[in-house]
Amino acid sequence: MHPDELSAAERQLWNSFTQGAPVDVRDGTSPTESTVRVDVIEALLLGAGAEPAPGDRPALRLTGARITGSLDLRFAEIAVPVVLADCRFDEVPLLQGARLRELVLPGSSLPGLAADTARIDGRVVLSRCHLTGPLILNRAEIHGDLDLRNTVITAPGAEAISAVHAAIDGDALCANLAVQGGFRVSGATIDGEFDLEGASLSNPGGTALDAYHVQITEDFTFHPGFRAEGRIILSGATVSAAIGFCGAVLNNADDVALEAVDVHVTRNFDLGRGLAVKGGIQLDGSNIGTQLSFRDTTLTRPGEIALSLRMTQARETDLRTRRPIDGTVDVRNAQLGTLYDTPDTWPADIRLAEATYDALASPLAATERLDWLRRGTDGYLPQPYEQLAAAYRRLGHEDEARMVLLAKQRHRRVTLPPHIRVWGHIQDATVGYGYRPLRASLWLMALLACGAIFFAAHSPAPLEVGKAPPFNAVFYALDLLVPIITFGQEAAFAPRGIGQWLAYGLTAAGWILATTVTTGISRAISRQ
């Protein structure tokens with residue numbers, strides 16, 4: 001390219017390239033004075049400029065220019081930093097497969113940027129940019145930070161950002177990023193933090209963020225001020241630090257707002273402190289190293305599963321939401337560690353089948369906890385009762401544990417056929433299914449008193465006069481009631497009339513008491 005063919009701005013850029021001096025054309029008096037053709041930029045980057053002198057550090061540094069034409073650097077090797085600040089591109093820059101030292105475009109306006117499979121040895125800075133088309137970074141290698149802070153990318157109905165299997169050796173800085181369209185980073189690896197603080201992602205009815213199987217070395221941050229319209233997908237993600245959604249707003253009403261299945265988090269997964277969600281949260285199979293928190297969260301998905309924690313594992317789980325979750329909470333087969341909750345925020349519908357917890361931070365009285373279990377809609381299941389009883393036992397509250405196990409038997413009874421239910425009622429009334437053994441002694445004393453009083457007033461006649469021992473109403477009634485011992489009174493005397501029927505009744509009551517005591521105690525021993 002001959003120097004006579006260059007405009008004043010282009011000549012200034014040409015002459016400053018070998019020293020890497022910045023060129024600012026924002027003060028041009030006419031549009032032509034701030035216009036730079038892509039042919040000039042390509043020629044400089046591909047080696048058409050003057051040979052640098054010893055000690056020179058060539059770089060392309062241009063500010064405030066309008067860049068006309070299609071910047072095509074596909075599969076080129078660019079050995080100098082490229083800094084195009086506050087520039088306006090007429091066409092999409094094409095950088096597929098290129099290798100660059102550094103790409104810095106802060107404050108620029110572009111109709112999109114295609115840099116898939118590109119390799120950048122340093123930073124990629126697109127902060128404060130405005131893109132009216134997609135940013136494509138699929139399988140790109142960035143050996144520094146990716147900076148998208150305060151950038152606006154608009155591509156409704158399409159993937160506004162596509163960075164599938166991108167590899168970023170530094171941080172992905174996306175604070176206050178505004179995206180209309182999809183944001184896809186599935187399979188990406190980030191050796192720093194992924195910061196979406198204050199970002200706004202909008203793709204109503206679709207996927208706002210697809211971070212399927214991402215690997216992040218530090219924090220994955222969505223707080224504070226993060227907003228999303230559409231589904232957030234984190235399934236399969238591995239985060240070596242923490243995930244935080246504190247104060248975020250997620251809206252995907254009538255569907256899942258946050259899908260985080262099989263996520264592995266080394267530290268906390270914080271979905272509390274003001275998070276507001278319209279739609280469901282699905283964390284099935286996720287593994288959280290320390291605490292899973294929903295403290296002060298608002299979650300709404302009426303008539304559907306609002307929160308699913310099936311097979312989730314955490315060392316601590318905090319379910320103290322701001323108000324009761326509007327929808328079903330499914331914690332089946334979850335391992336919740338230490339569980340924090342409060343009756344004021346218990347959901348109306350909770351599924352607890354095979355869920356386990358090491359301790360209850362607020363054990364409460366058994367009567368309150370039983371109300372918690374009754375909110376389950378799985379039908380009769382013994383495990384939730386046994387799990388709760390075990391938690392009380394670890395605290396040394398044996399009476400509370402027995403009350404829970406008695407409630408379990410009563411719940412089971414309503415599922416049985418009517419004729420078996422009758423026997424259940426008898427066991428409940430007599431010995432509380434073995435968990436109230438003192439009740440049997442009270443029945444025994446009451447029946448013994450009734451029998452003794454009656455037979456003291458209506459002594460039965462001896463079967464053989466002169467051979468019978470002296471009659472004792474107390475021991476006679478005790479002989480009738482206790483089938484396994486005898487004092488010789490029952491065999492020596494024969495009541496008549498009402499006394500005979502009372503004797504039959506006491507004998508039958510004795511056998512029922514003995515059977516229920518044996519059954520109840522054996523059940524208590526075998527199940528505990």
# chains A, B, ... in the order shown; residues from 1 in each chain; ligands from 1
$ residues_around --residues "region 275-279 of chain A" --least-positions-apart "3" --cutoff "7 Å" --atoms "only C-alpha atoms" --output "ChimeraX atom specification"
/A:245-257,271-272,297-301,306
$ residues_around --residues "region 11-28 of chain A" --least-positions-apart "3" --cutoff "9 Å" --atoms "only C-alpha atoms" --output "PyMOL selection string"
chain A and resi 3-8+31-36+40-41+44+49-53+55-65+80-81+83+86
$ write_last_selection --atoms "C-alpha atoms" --output "compact mmCIF listing (two decimals), in the first residue's frame"
# COMPACT_ATOMS: atom_id res chain seq x y z
CA PRO A 3 1.60 6.18 1.46
CA ASP A 4 -0.08 8.50 -1.05
CA GLU A 5 -3.21 6.34 -0.85
CA LEU A 6 -3.58 6.92 2.90
CA SER A 7 -5.81 9.47 4.60
CA ALA A 8 -4.39 11.65 7.36
CA PRO A 31 -16.11 11.90 9.35
CA THR A 32 -13.47 11.19 6.72
CA GLU A 33 -10.74 12.34 9.08
CA SER A 34 -11.77 9.64 11.62
CA THR A 35 -12.31 6.86 9.08
CA VAL A 36 -9.82 4.02 8.73
CA VAL A 40 -4.78 -0.43 6.20
CA ILE A 41 -5.26 -2.35 9.47
CA LEU A 44 -0.08 -3.36 9.17
CA GLY A 49 4.61 -1.62 7.45
CA ALA A 50 8.17 -0.46 7.99
CA GLU A 51 10.60 -2.84 9.59
CA PRO A 52 10.82 -2.07 13.32
CA ALA A 53 14.12 -0.78 14.61
CA GLY A 55 14.03 -1.58 20.73
CA ASP A 56 10.72 -0.88 18.95
CA ARG A 57 7.59 -2.56 20.24
CA PRO A 58 5.08 -2.57 17.39
CA ALA A 59 1.40 -2.41 18.29
CA LEU A 60 -1.83 -1.27 16.68
CA ARG A 61 -3.39 1.30 19.03
CA LEU A 62 -6.30 3.26 17.58
CA THR A 63 -9.04 5.20 19.36
CA GLY A 64 -12.27 6.74 18.09
CA ALA A 65 -12.13 5.58 14.46
CA VAL A 80 1.47 -7.49 17.99
CA PRO A 81 -1.20 -6.30 20.44
CA VAL A 83 -6.08 -2.15 20.65
CA ASP A 86 -14.14 3.40 21.08
$ atom_distance --atom1 "CA of Gly206 (chain A)" --atom2 "CA of Gly285 (chain A)"
23.5 Å
$ residues_around --residues "Leu126 (chain A)" --least-positions-apart "5" --cutoff "9 Å" --atoms "only C-alpha atoms" --output "list in words"
Leu103, Val104, Leu105, Pro106, Gly107, Ser108, Leu146, Asp147, Leu148, Arg149, Asn150 and Thr151 of chain A
$ write_last_selection --atoms "N, CA and C atoms" --output "PDB file, in the first residue's frame"
ATOM      1  N   LEU A 103      -6.169  -8.823  22.234  1.00  0.00           N
ATOM      2  CA  LEU A 103      -7.270  -8.180  21.523  1.00  0.00           C
ATOM      3  C   LEU A 103      -8.035  -7.305  22.502  1.00  0.00           C
ATOM      4  N   VAL A 104      -7.966  -5.995  22.304  1.00  0.00           N
ATOM      5  CA  VAL A 104      -8.573  -5.044  23.233  1.00  0.00           C
ATOM      6  C   VAL A 104      -9.452  -4.093  22.432  1.00  0.00           C
ATOM      7  N   LEU A 105     -10.786  -4.174  22.655  1.00  0.00           N
ATOM      8  CA  LEU A 105     -11.748  -3.352  21.907  1.00  0.00           C
ATOM      9  C   LEU A 105     -12.689  -2.595  22.842  1.00  0.00           C
ATOM     10  N   PRO A 106     -12.223  -1.951  23.880  1.00  0.00           N
ATOM     11  CA  PRO A 106     -13.147  -1.335  24.847  1.00  0.00           C
ATOM     12  C   PRO A 106     -13.949  -0.189  24.233  1.00  0.00           C
ATOM     13  N   GLY A 107     -15.232  -0.141  24.583  1.00  0.00           N
ATOM     14  CA  GLY A 107     -16.087   0.960  24.160  1.00  0.00           C
ATOM     15  C   GLY A 107     -16.447   0.956  22.699  1.00  0.00           C
ATOM     16  N   SER A 108     -16.161  -0.096  21.978  1.00  0.00           N
ATOM     17  CA  SER A 108     -16.408  -0.131  20.532  1.00  0.00           C
ATOM     18  C   SER A 108     -17.814  -0.615  20.213  1.00  0.00           C
ATOM     19  N   LEU A 146     -11.134 -12.783  29.973  1.00  0.00           N
ATOM     20  CA  LEU A 146     -12.164 -12.362  29.020  1.00  0.00           C
ATOM     21  C   LEU A 146     -12.989 -11.300  29.720  1.00  0.00           C
ATOM     22  N   ASP A 147     -12.921 -10.070  29.222  1.00  0.00           N
ATOM     23  CA  ASP A 147     -13.548  -8.930  29.898  1.00  0.00           C
ATOM     24  C   ASP A 147     -14.748  -8.442  29.085  1.00  0.00           C
ATOM     25  N   LEU A 148     -15.954  -8.713  29.619  1.00  0.00           N
ATOM     26  CA  LEU A 148     -17.197  -8.261  28.982  1.00  0.00           C
ATOM     27  C   LEU A 148     -17.968  -7.318  29.902  1.00  0.00           C
ATOM     28  N   ARG A 149     -17.294  -6.663  30.787  1.00  0.00           N
ATOM     29  CA  ARG A 149     -17.964  -5.792  31.754  1.00  0.00           C
ATOM     30  C   ARG A 149     -18.633  -4.607  31.069  1.00  0.00           C
ATOM     31  N   ASN A 150     -19.907  -4.384  31.493  1.00  0.00           N
ATOM     32  CA  ASN A 150     -20.693  -3.233  31.018  1.00  0.00           C
ATOM     33  C   ASN A 150     -20.939  -3.256  29.518  1.00  0.00           C
ATOM     34  N   THR A 151     -20.905  -4.438  28.932  1.00  0.00           N
ATOM     35  CA  THR A 151     -21.131  -4.591  27.491  1.00  0.00           C
ATOM     36  C   THR A 151     -22.595  -4.937  27.228  1.00  0.00           C
TER      37      THR A 151
END
$ residues_around --residues "Gly198 (chain A)" --least-positions-apart "3" --cutoff "6 Å" --atoms "only C-alpha atoms" --output "list of chain:residue names"
A:Ala175, A:Asn176, A:Pro224, A:Gly225, A:Phe226
$ write_last_selection --atoms "N, CA and C atoms" --output "PDB file, in the first residue's frame"
ATOM      1  N   ALA A 175     -19.480  -8.618  34.713  1.00  0.00           N
ATOM      2  CA  ALA A 175     -20.290  -7.753  35.571  1.00  0.00           C
ATOM      3  C   ALA A 175     -21.020  -6.723  34.727  1.00  0.00           C
ATOM      4  N   ASN A 176     -22.329  -6.563  35.017  1.00  0.00           N
ATOM      5  CA  ASN A 176     -23.191  -5.587  34.337  1.00  0.00           C
ATOM      6  C   ASN A 176     -23.308  -5.841  32.838  1.00  0.00           C
ATOM      7  N   PRO A 224     -24.362  -9.389  43.551  1.00  0.00           N
ATOM      8  CA  PRO A 224     -25.795  -9.053  43.622  1.00  0.00           C
ATOM      9  C   PRO A 224     -26.272  -8.430  42.306  1.00  0.00           C
ATOM     10  N   GLY A 225     -27.575  -8.309  42.165  1.00  0.00           N
ATOM     11  CA  GLY A 225     -28.152  -7.579  41.039  1.00  0.00           C
ATOM     12  C   GLY A 225     -28.311  -8.361  39.758  1.00  0.00           C
ATOM     13  N   PHE A 226     -27.991  -9.646  39.758  1.00  0.00           N
ATOM     14  CA  PHE A 226     -28.147 -10.442  38.546  1.00  0.00           C
ATOM     15  C   PHE A 226     -29.635 -10.654  38.250  1.00  0.00           C
TER      16      PHE A 226
END
$ atom_distance --atom1 "CA of Ala473 (chain A)" --atom2 "CA of Ile485 (chain A)"
16.1 Å
$ atom_distance --atom1 "CA of Gln383 (chain A)" --atom2 "CA of Asp344 (chain A)"
24.1 Å
$ residues_around --residues "region 207-217 of chain A" --least-positions-apart "2" --cutoff "7 Å" --atoms "only C-alpha atoms" --output "number ranges by chain"
A: 181-193, 201-203, 228-241
$ closest_residue --among "A:Glu316, A:Met311, A:Pro111, A:Leu100" --to "Arg123 (chain A)" --atoms "only C-alpha atoms"
A:Leu100
$ closest_residue --among "A:Val482, A:Ile498, A:Ala461, A:Ala391" --to "Gly510 (chain A)" --atoms "only C-alpha atoms"
A:Val482
$ select_by_dssp --residues "region 363-392 of chain A" --states "alpha helix (DSSP H)" --output "PyMOL selection string"
chain A and resi 366-374+382-392
$ select_by_dssp --residues "region 269-400 of chain A" --states "strand (DSSP E or B)" --output "number ranges by chain"
A: 269-270, 276-282, 287-293, 298-308, 313-318, 326-330, 335, 338-340, 349-351, 356, 359-360
$ closest_residue --among "A:Glu159, A:Asp341, A:Asp270, A:Asp219" --to "Asp171 (chain A)" --atoms "only C-alpha atoms"
A:Asp219
$ residues_around --residues "Ala163 (chain A)" --least-positions-apart "3" --cutoff "7 Å" --atoms "only C-alpha atoms" --output "list in words"
Ile136, Leu137, Asn138, Arg139, Ala166, Arg184 and Val185 of chain A
$ residues_around --residues "Glu141 (chain A)" --least-positions-apart "2" --cutoff "10 Å" --atoms "only C-alpha atoms" --output "list in words"
Gly97, Arg99, Ala115, Asp116, Thr117, Ala118, Arg119, Ile120, Asp121, Gly122, Leu137, Asn138, Arg139, His143, Gly144, His165, Ala166, Ala167, Ile168, Asp169 and Thr189 of chain A
